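Engineer: My structure is in protein00.cif, and what it holds is mmCIF, C-alpha atoms:
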```cif
data_structure
#
loop_
_atom_site.group_PDB
_atom_site.id
_atom_site.type_symbol
_atom_site.label_atom_id
_atom_site.label_comp_id
_atom_site.auth_asym_id
_atom_site.auth_seq_id
_atom_site.Cartn_x
_atom_site.Cartn_y
_atom_site.Cartn_z
ATOM 1 C CA MET A 273 103.831 58.248 86.230
ATOM 2 C CA THR A 274 100.741 59.228 88.196
ATOM 3 C CA LEU A 275 101.220 60.622 91.693
ATOM 4 C CA GLY A 276 98.328 59.447 93.806
ATOM 5 C CA ALA A 277 99.312 57.611 96.969
ATOM 6 C CA GLY A 278 98.449 59.865 99.902
ATOM 7 C CA GLY A 279 97.552 62.550 97.402
ATOM 8 C CA HIS A 280 95.071 65.363 97.064
ATOM 9 C CA THR A 281 91.328 64.810 97.187
ATOM 10 C CA ASP A 282 90.401 67.661 94.817
ATOM 11 C CA LYS A 283 91.748 69.683 91.879
ATOM 12 C CA VAL A 284 95.486 70.424 91.930
ATOM 13 C CA THR A 285 95.986 74.128 91.200
ATOM 14 C CA ARG A 286 99.751 74.775 91.105
ATOM 15 C CA LEU A 287 103.085 72.981 91.269
ATOM 16 C CA ILE A 288 106.694 74.002 91.761
ATOM 17 C CA PRO A 289 109.643 71.705 90.967
ATOM 18 C CA LEU A 290 112.186 71.783 93.804
ATOM 19 C CA GLY A 291 115.057 70.160 91.988
ATOM 20 C CA GLY A 292 116.210 66.633 92.538
ATOM 21 C CA ALA A 293 113.204 64.380 92.761
ATOM 22 C CA GLN A 294 110.820 66.678 94.669
ATOM 23 C CA LEU A 295 108.037 69.103 93.863
ATOM 24 C CA ILE A 296 105.453 71.114 95.813
ATOM 25 C CA ASN A 297 101.833 71.285 94.740
ATOM 26 C CA ALA A 298 98.662 72.912 95.994
ATOM 27 C CA SER A 299 95.002 71.993 95.809
ATOM 28 C CA VAL A 300 91.516 73.278 96.412
ATOM 29 C CA ASP A 301 91.344 70.458 99.000
ATOM 30 C CA LYS A 302 93.014 73.095 101.264
ATOM 31 C CA SER A 303 96.415 71.439 101.402
ATOM 32 C CA ILE A 304 99.956 71.749 100.096
ATOM 33 C CA ARG A 305 102.019 68.633 99.492
ATOM 34 C CA VAL A 306 105.666 67.872 98.862
ATOM 35 C CA TRP A 307 106.169 64.925 96.541
ATOM 36 C CA ASN A 308 109.050 62.633 95.793
ATOM 37 C CA TRP A 309 108.092 62.062 92.183
ATOM 38 C CA SER A 310 110.695 59.354 91.585
ATOM 39 C CA GLN A 311 109.009 57.282 94.312
ATOM 40 C CA GLY A 312 105.518 58.429 93.288
ATOM 41 C CA ARG A 313 104.464 59.402 96.792
ATOM 42 C CA SER A 314 103.716 62.356 99.012
ATOM 43 C CA VAL A 315 106.445 62.864 101.624
ATOM 44 C CA ARG A 316 104.962 65.844 103.455
ATOM 45 C CA GLY A 317 101.669 67.680 103.806
ATOM 46 C CA MET A 318 100.821 71.167 105.020
ATOM 47 C CA CYS A 319 97.440 72.618 105.864
ATOM 48 C CA GLY A 320 96.949 76.282 106.572
ATOM 49 C CA GLU A 321 93.903 77.892 108.096
ATOM 50 C CA ALA A 322 90.846 76.109 106.742
ATOM 51 C CA GLY A 323 87.170 76.604 107.417
ATOM 52 C CA LEU A 324 83.803 75.544 106.158
ATOM 53 C CA GLY A 325 82.977 75.788 102.490
ATOM 54 C CA ARG A 326 85.697 77.211 100.273
ATOM 55 C CA ARG A 327 87.724 78.894 103.035
ATOM 56 C CA GLY A 328 91.269 77.552 102.867
ATOM 57 C CA GLU A 329 91.321 76.512 99.188
ATOM 58 C CA VAL A 330 94.889 76.952 97.925
ATOM 59 C CA ARG A 331 94.948 78.445 94.422
ATOM 60 C CA SER A 332 98.532 79.653 93.948
ATOM 61 C CA LEU A 333 102.107 79.102 95.100
ATOM 62 C CA ALA A 334 105.438 80.837 94.572
ATOM 63 C CA LEU A 335 108.845 80.086 96.026
ATOM 64 C CA VAL A 336 111.474 82.822 96.358
ATOM 65 C CA PRO A 337 114.671 82.039 94.398
ATOM 66 C CA ASP A 338 116.744 81.103 97.467
ATOM 67 C CA GLN A 339 113.897 78.752 98.541
ATOM 68 C CA THR A 340 113.580 80.273 102.032
ATOM 69 C CA GLN A 341 109.964 81.465 101.663
ATOM 70 C CA LEU A 342 106.859 79.880 100.190
ATOM 71 C CA LEU A 343 104.089 82.317 99.224
ATOM 72 C CA VAL A 344 100.533 80.977 99.149
ATOM 73 C CA GLY A 345 97.367 82.537 97.766
ATOM 74 C CA GLY A 346 93.811 81.334 97.678
ATOM 75 C CA PHE A 347 90.316 81.562 99.094
ATOM 76 C CA PHE A 348 91.088 82.652 102.662
ATOM 77 C CA ASP A 349 87.841 84.313 103.779
ATOM 78 C CA ASP A 350 84.328 82.984 104.302
ATOM 79 C CA GLN A 351 83.050 85.031 101.344
ATOM 80 C CA GLU A 352 84.413 85.662 97.848
ATOM 81 C CA LYS A 353 84.472 89.395 98.606
ATOM 82 C CA GLY A 354 86.481 89.670 101.807
ATOM 83 C CA LEU A 355 90.044 89.607 103.129
ATOM 84 C CA HIS A 356 92.235 87.202 101.162
ATOM 85 C CA PRO A 357 95.831 87.685 102.387
ATOM 86 C CA ILE A 358 98.847 86.039 100.833
ATOM 87 C CA ARG A 359 100.413 83.688 103.359
ATOM 88 C CA VAL A 360 104.191 83.768 103.777
ATOM 89 C CA TYR A 361 105.735 80.548 105.101
ATOM 90 C CA GLN A 362 109.343 79.934 106.148
ATOM 91 C CA TRP A 363 110.590 77.214 103.885
ATOM 92 C CA PRO A 364 111.317 74.370 104.292
ATOM 93 C CA ALA A 365 110.149 74.565 107.927
ATOM 94 C CA GLY A 366 106.572 75.309 106.822
ATOM 95 C CA THR A 367 105.848 77.730 109.667
ATOM 96 C CA ILE A 368 103.786 80.831 108.976
ATOM 97 C CA GLN A 369 105.949 83.945 108.864
ATOM 98 C CA GLY A 370 103.338 86.555 108.011
ATOM 99 C CA LEU A 371 100.385 87.715 105.939
ATOM 100 C CA LEU A 372 100.353 90.173 103.054
ATOM 101 C CA HIS A 373 97.093 92.142 103.008
ATOM 102 C CA ALA A 374 95.739 93.975 99.946
ATOM 103 C CA HIS A 375 93.437 91.631 97.999
ATOM 104 C CA ASP A 376 89.680 91.631 98.537
ATOM 105 C CA ARG A 377 89.126 88.604 96.268
ATOM 106 C CA PRO A 378 90.821 85.178 96.253
ATOM 107 C CA VAL A 379 94.418 85.281 94.980
ATOM 108 C CA GLN A 380 94.620 83.110 91.868
ATOM 109 C CA SER A 381 98.240 83.555 90.771
ATOM 110 C CA LEU A 382 101.629 84.520 92.234
ATOM 111 C CA ALA A 383 105.041 85.113 90.657
ATOM 112 C CA VAL A 384 108.396 86.130 92.126
ATOM 113 C CA SER A 385 110.978 87.928 89.986
ATOM 114 C CA PRO A 386 114.190 85.998 89.207
ATOM 115 C CA ALA A 387 116.146 88.296 91.569
ATOM 116 C CA GLY A 388 113.574 87.730 94.332
ATOM 117 C CA ASP A 389 113.047 91.460 94.845
ATOM 118 C CA LEU A 390 109.485 91.651 93.438
ATOM 119 C CA LEU A 391 106.287 89.670 93.915
ATOM 120 C CA ALA A 392 103.279 89.924 91.623
ATOM 121 C CA SER A 393 99.841 88.692 92.687
ATOM 122 C CA GLY A 394 96.618 88.427 90.722
ATOM 123 C CA ASP A 395 93.105 87.897 92.003
ATOM 124 C CA GLN A 396 89.688 86.669 90.967
ATOM 125 C CA ARG A 397 88.486 90.227 90.187
ATOM 126 C CA GLY A 398 91.273 90.835 87.639
ATOM 127 C CA VAL A 399 93.489 92.979 89.872
ATOM 128 C CA VAL A 400 97.268 92.614 89.586
ATOM 129 C CA ARG A 401 99.315 93.828 92.555
ATOM 130 C CA LEU A 402 103.047 94.436 92.864
ATOM 131 C CA TRP A 403 105.042 93.940 96.069
ATOM 132 C CA ARG A 404 108.646 94.930 96.913
ATOM 133 C CA LYS A 405 110.876 92.698 99.057
ATOM 134 C CA GLU A 406 111.893 94.405 102.325
ATOM 135 C CA GLY A 407 113.803 92.227 104.746
ATOM 136 C CA ASP A 408 111.811 89.062 105.433
ATOM 137 C CA THR A 409 108.554 90.358 103.981
ATOM 138 C CA PHE A 410 107.052 92.102 100.965
ATOM 139 C CA GLN A 411 105.539 95.606 100.987
ATOM 140 C CA HIS A 412 102.628 96.481 98.719
ATOM 141 C CA VAL A 413 103.686 98.948 96.007
ATOM 142 C CA ALA A 414 100.759 99.228 93.576
ATOM 143 C CA GLY A 415 97.651 97.572 92.237
ATOM 144 C CA LEU A 416 95.819 97.896 88.928
ATOM 145 C CA GLU A 417 92.565 96.543 87.547
ATOM 146 C CA ALA A 418 94.430 94.785 84.764
ATOM 147 C CA HIS A 419 91.709 92.472 83.475
ATOM 148 C CA THR A 420 87.913 92.253 83.447
ATOM 149 C CA THR A 421 87.868 88.794 85.083
ATOM 150 C CA SER A 422 90.133 86.462 87.048
ATOM 151 C CA VAL A 423 93.912 86.577 86.621
ATOM 152 C CA THR A 424 94.896 83.059 85.577
ATOM 153 C CA SER A 425 98.666 83.338 85.337
ATOM 154 C CA LEU A 426 101.592 85.640 86.128
ATOM 155 C CA ALA A 427 105.217 85.247 85.092
ATOM 156 C CA PHE A 428 108.367 87.336 85.220
ATOM 157 C CA ASP A 429 110.665 87.044 82.205
ATOM 158 C CA PRO A 430 113.983 85.552 83.384
ATOM 159 C CA ALA A 431 115.922 87.378 80.642
ATOM 160 C CA VAL A 432 114.388 90.889 80.804
ATOM 161 C CA SER A 433 114.551 92.609 84.199
ATOM 162 C CA GLY A 434 111.108 93.559 85.521
ATOM 163 C CA LEU A 435 109.124 92.291 82.529
ATOM 164 C CA LEU A 436 105.894 90.760 83.843
ATOM 165 C CA VAL A 437 103.140 88.999 81.893
ATOM 166 C CA SER A 438 99.598 88.523 83.191
ATOM 167 C CA THR A 439 96.823 86.456 81.612
ATOM 168 C CA SER A 440 93.137 86.289 82.388
ATOM 169 C CA SER A 441 90.067 84.158 81.868
ATOM 170 C CA ASP A 442 88.767 87.114 79.802
ATOM 171 C CA GLY A 443 91.154 85.930 77.065
ATOM 172 C CA SER A 444 93.648 88.779 77.418
ATOM 173 C CA ALA A 445 97.373 88.882 78.130
ATOM 174 C CA CYS A 446 99.160 92.039 79.299
ATOM 175 C CA LEU A 447 102.835 92.971 79.419
ATOM 176 C CA TRP A 448 104.032 95.114 82.316
ATOM 177 C CA GLN A 449 107.287 96.825 83.196
ATOM 178 C CA ALA A 450 107.709 96.392 86.958
ATOM 179 C CA SER A 451 110.147 98.028 89.363
ATOM 180 C CA SER A 452 110.449 98.578 93.110
ATOM 181 C CA THR A 453 108.334 101.754 92.767
ATOM 182 C CA GLY A 454 105.461 100.452 90.620
ATOM 183 C CA PHE A 455 104.517 99.079 87.242
ATOM 184 C CA ARG A 456 103.076 100.243 83.946
ATOM 185 C CA GLN A 457 101.675 98.524 80.899
ATOM 186 C CA LYS A 458 104.096 98.082 77.979
#
```
As structure tokens, how would this structure be written, given the file I've shared?
Structural biologist:
Amino acid sequence: MTLGAGGHTDKVTRLIPLGGAQLINASVDKSIRVWNWSQGRSVRGMCGEAGLGRRGEVRSLALVPDQTQLLVGGFFDDQEKGLHPIRVYQWPAGTIQGLLHAHDRPVQSLAVSPAGDLLASGDQRGVVRLWRKEGDTFQHVAGLEAHTTSVTSLAFDPAVSGLLVSTSSDGSACLWQASSTGFRQK
């Protein structure tokens, strides 16, 4: 099946299955869509702050395990080097709940730990950052220049607590041991 009716107008960058017949996906067309894949159509669209040029391109998504928050990363400044916060949305309402500031390059990848207590983010410069869940937000814990170029993927191992993997367009993959106080390479 090809999902196209009322769809994105540019490259799709991430998707998250929601269970049942729905999924969320993001695009560099500056939008997020919820799809009913069994019907092959978009049932909801969201647009965050968007500007001229690349400002507003959505590059990454993560949903906390209880599905109450959607985290969104991307190109959120007028320049590549600038302020590129992670947007935190209440889910499924879709209202902005806050911004997580630490990245100075577009956020390319996001991952939430299976317990929902940690968030990892990776940017276009190769920096991986770790965040700790505190109440309804995440607090920045640490950041490392993990790769020489853009972080392409992040994932927490569902079977090993705190085990994080990062990959990069430089061809490398790194294993990290993450906790609420920081992370170190394994």
Engineer: Give as number ranges by chain each residue that has an atom at most 12 Å from (95.3, 86.4, 85.3) in the file, counting only C-alpha atoms.
Structural biologist: A: 332, 378-383, 392-401, 417-427, 436-447
Engineer: Where's the centre, and what are the edge lengths in Å to one decimal, of a box along x, y and z enclosing all listed atoms of stretch 389-406 of chain A padded 4 Å per side, as lines of an AutoDock Vina configuration file?
Structural biologist:
```
center_x = 100.8
center_y = 90.8
center_z = 95.0
size_x = 32.6
size_y = 16.3
size_z = 22.7
```
Engineer: Which residues would end up in the selection if the PyMOL selection byres ((chain A and resi 330) around 8) were applied here, given that I need the answer as a ChimeraX atom specification?
Structural biologist: /A:285,298-304,328-329,331-332,344-347
Engineer: Apply the PyMOL selection byres ((chain A and resi 323) around 12) to the displayed file and report the matching residues as number ranges by chain.
Structural biologist: A: 301-302, 319-322, 324-329, 347-351
Engineer: Evaluate the PyMOL selection byres ((chain A and resi 315) around 12) here and jot the selected residues down as a PyMOL selection string.
Structural biologist: chain A and resi 275-279+293-297+304-314+316-318
Engineer: Between atom CA of A:Ser385 and atom CA of A:Val284, what is the spacing in Å?
Structural biologist: 23.5 Å
Engineer: Which residue is closest to A:Leu435? Choose from A:Val413, A:Thr453, A:Leu390, A:Leu372 and count only C-alpha atoms.
Structural biologist: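 Nearest candidate to A:Leu435 out of A:Val413, A:Thr453, A:Leu390, A:Leu372: A:Leu390.
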Engineer: Using atom CA of A:Trp448 and atom CA of A:Asp429 as the two end points, give the distance in Å to one decimal.
Structural biologist: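 Atom-to-atom, atom CA of A:Trp448 and atom CA of A:Asp429 are spaced 10.4 Å apart.
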Engineer: Atom CA of A:Gly354 to atom CA of A:Trp403: how many Å, to one decimal?
Structural biologist: 19.9 Å
Engineer: Find the residue from A:Gln457, A:Ser451, A:Ala431, A:Thr340 that sits nearest to A:Asp408; use only C-alpha atoms when measuring.
Structural biologist: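 That would be A:Thr340, the residue with the smallest distance to A:Asp408.
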Engineer: With distances taken over all atoms listed in the file, which of A:Lys405, A:His412, A:Ile368, A:Pro386 is nearest to A:Gly434?
Structural biologist: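 Ranking A:Lys405, A:His412, A:Ile368, A:Pro386 by distance to A:Gly434, first place goes to A:Pro386.
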Engineer: Could you give me, as a list in words, the residues within 12 Å of A:Gly407, counting all atoms listed in the file and dropping anything in the same chain fewer than 4 positions from it?
Structural biologist: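 So, after excluding close chain neighbours, the residues are Gln341, Gly388, Asp389 and Gln411 of chain A.
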Engineer: Please list as a list of chain:residue names every residue within 8 Å of A:Leu335, counting all atoms listed in the file and excluding residues in the same chain fewer than 6 positions away.
Structural biologist: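 In the requested form, the answer reads A:Ile288, A:Gln341, A:Leu342, A:Leu343, A:Val384.
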Engineer: Keeping only C-alpha atoms, write those residues as a PDB file, keeping the file's coordinate frame.
Structural biologist:
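Dumped to selection_39.pdb:
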```pdb
ATOM      1  CA  ILE A 288     106.694  74.002  91.761  1.00  0.00           C
ATOM      2  CA  GLN A 341     109.964  81.465 101.663  1.00  0.00           C
ATOM      3  CA  LEU A 342     106.859  79.880 100.190  1.00  0.00           C
ATOM      4  CA  LEU A 343     104.089  82.317  99.224  1.00  0.00           C
ATOM      5  CA  VAL A 384     108.396  86.130  92.126  1.00  0.00           C
TER       6      VAL A 384
END
```
Engineer: Using all atoms listed in the file, find the one residue out of A:Ala387, A:Ala365, A:Leu287, A:Val360 that sits nearest to A:Val432.
Structural biologist: A:Ala387
Engineer: Closest to A:Asp338 among A:Asp282, A:Leu290, A:Pro357, A:Leu416, using all atoms listed in the file?
Structural biologist: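 Ranking A:Asp282, A:Leu290, A:Pro357, A:Leu416 by distance to A:Asp338, first place goes to A:Leu290.
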Engineer: Which of these, A:Glu352, A:Leu402, A:Gly454, A:Gln362, has the shortest distance to A:Arg377 once you count only C-alpha atoms?
Structural biologist: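 Of A:Glu352, A:Leu402, A:Gly454, A:Gln362, the one nearest A:Arg377, counting only C-alpha atoms, is A:Glu352.
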